[in-house]
Amino acid sequence: MNLKRAIGGFLLSFAFLLFFAYMISGVQWVFKNCFQSQSRDMFLGSVSVGVENVSLENAPTAGNATLNIVQPTPVSSSAPEINAKSAISVESNLKDINKIIFDKNSDTQLPIASLTKLMTAVIVLDNPGDSYDLSNTIVVDKAADSQDPMKQDVKLGDKMTIESFLDIMLVESSNKSAYALSEVIGEKNFVALMNQKAKDVGLENTVFIDPTGLSPEDVSTANDLAKLAEYILKNYPKIADISNVKEFFVPGFGNVENTDELLGEIPDIICSKTGFTTVAKGCLLLVTNNPKNNDYLINVILGADDRFSEMKKLISLSNAICNYGAQD
């Protein structure tokens, strides 16, 4: 009888110990997962940027290349929103991987103002023969001089090399320079080449009406512009090299200051282009180095009241997500 009681007591004690051990492991599992989830939310929530209307569709591609598209990283809903009509941030190695970091209405077709001049530069560099030998000189005529002027701009009768006009157009966003460049082969022919190039690159929602971006009918999407930026980085490094210069001197013209206020403030900018019209509002394309993964962050803002502050928020978000992912 005593033996039965002893055995029963032993079995009961053993069962209790098993149950106790199971409960402890369960509590540890719950605590660990809750803590990790809260830590990630707190990290992303602390970034002074926001996400709204995140879309996973139609990620950027480079021409006809097949790319490994990775979905955007979830972001805390407590973060402030990006106050622009459209925006996108893409991490790209310019080869076979594009990762959408942020997406807000990136397939919405909008006027792009002077971001148009990126394609203008592509067409100039695409036709280096007799027409666009960079050492050739051209003169600003009445049609070019009639374009909306910048603070310091070329003027009627100015004669400079094509390269000088290209530099002034990209850095100071000169409408007169853009138009003068198009006149070398005729504006209509030039714009036709712009639209054909857009099709060749795979910019499905992009239409150009003029070489300056002054028309509200010069339209594109943040998605398409990210594709164009990637195409430029791979094929026209000269455009990037010109666009990220804060200030330089042009013989026969004078000092030229970049319209991008973020140059010198944000590190590792390798390509930049501003745009603004009353209809388009503030537009900005900015590409930065991403040293964590040895690749690039392509950022586009369209339709912003303050394009520079919105771009800073977008870049902060992109860098924070990339750096957090690199630690995992």
# chains A, B, ... in the order shown; residues from 1 in each chain; ligands from 1
call {"tool": "residues_around", "arguments": {"residues": "stretch 295-308 of chain A", "least_positions_apart": "6", "cutoff": "8 Å", "atoms": "only C-alpha atoms", "output": "JSON, numbers by chain"}}
result
{"A": [83, 84, 85, 86, 87, 88, 89, 90, 91, 92, 93, 94, 110, 112, 222, 225, 226, 229, 230, 261, 262, 280, 281, 282, 283, 284, 285, 286, 287, 288, 289, 314, 315, 318]}
call {"tool": "residues_around", "arguments": {"residues": "A:Ala143", "least_positions_apart": "5", "cutoff": "10 Å", "atoms": "only C-alpha atoms", "output": "list in words"}}
result
Leu156, Lys176, Tyr179, Ala180 and Glu183 of chain A
call {"tool": "atom_distance", "arguments": {"atom1": "atom CA of A:Ser243", "atom2": "atom CA of A:Phe190"}}
result
21.3 Å
call {"tool": "select_by_dssp", "arguments": {"residues": "stretch 160-288 of chain A", "states": "helix (DSSP H, G or I)", "output": "number ranges by chain"}}
result
A: 162-172, 175-182, 187-201, 222-235, 237-243
call {"tool": "select_by_dssp", "arguments": {"residues": "stretch 142-237 of chain A", "states": "strand (DSSP E or B)", "output": "list in words"}}
result
Lys159, Met160, Thr161, Val207, Val219 and Ser220 of chain A
call {"tool": "write_last_selection", "arguments": {"atoms": "N, CA and C atoms", "output": "JSON list (two decimals), in the first residue's frame"}}
result
[["chain", "number", "residue", "atom", "x", "y", "z"],
["A", 159, "LYS", "N", 26.80, 82.95, -77.03],
["A", 159, "LYS", "CA", 27.37, 81.89, -77.84],
["A", 159, "LYS", "C", 28.33, 81.06, -76.99],
["A", 160, "MET", "N", 28.02, 79.80, -76.83],
["A", 160, "MET", "CA", 28.85, 78.90, -76.01],
["A", 160, "MET", "C", 28.84, 77.50, -76.62],
["A", 161, "THR", "N", 29.65, 76.65, -76.04],
["A", 161, "THR", "CA", 29.68, 75.26, -76.50],
["A", 161, "THR", "C", 28.41, 74.53, -76.05],
["A", 207, "VAL", "N", 5.12, 61.18, -71.11],
["A", 207, "VAL", "CA", 4.91, 61.91, -72.37],
["A", 207, "VAL", "C", 5.64, 63.25, -72.27],
["A", 219, "VAL", "N", 4.40, 64.91, -68.69],
["A", 219, "VAL", "CA", 3.94, 64.12, -67.54],
["A", 219, "VAL", "C", 4.71, 62.81, -67.43],
["A", 220, "SER", "N", 4.75, 62.31, -66.21],
["A", 220, "SER", "CA", 5.37, 61.02, -65.94],
["A", 220, "SER", "C", 4.86, 60.53, -64.59]]
call {"tool": "residues_around", "arguments": {"residues": "A:Phe249", "least_positions_apart": "4", "cutoff": "12 Å", "atoms": "only C-alpha atoms", "output": "list in words"}}
result
Ser164, Asp167, Ile168, Val171, Glu172, Val245, Phe253, Gly254, Asn255, Val256, Glu257 and Asn258 of chain A
call {"tool": "atom_distance", "arguments": {"atom1": "atom CA of A:Lys312", "atom2": "atom CA of A:Ile266"}}
result
8.1 Å
call {"tool": "closest_residue", "arguments": {"among": "A:Ala144, A:Leu170, A:Leu233, A:Ala320", "to": "A:Gly186", "atoms": "only C-alpha atoms"}}
result
A:Ala144
call {"tool": "closest_residue", "arguments": {"among": "A:Leu317, A:Ile82, A:Met169, A:Ile100", "to": "A:Asp153", "atoms": "only C-alpha atoms"}}
result
A:Met169
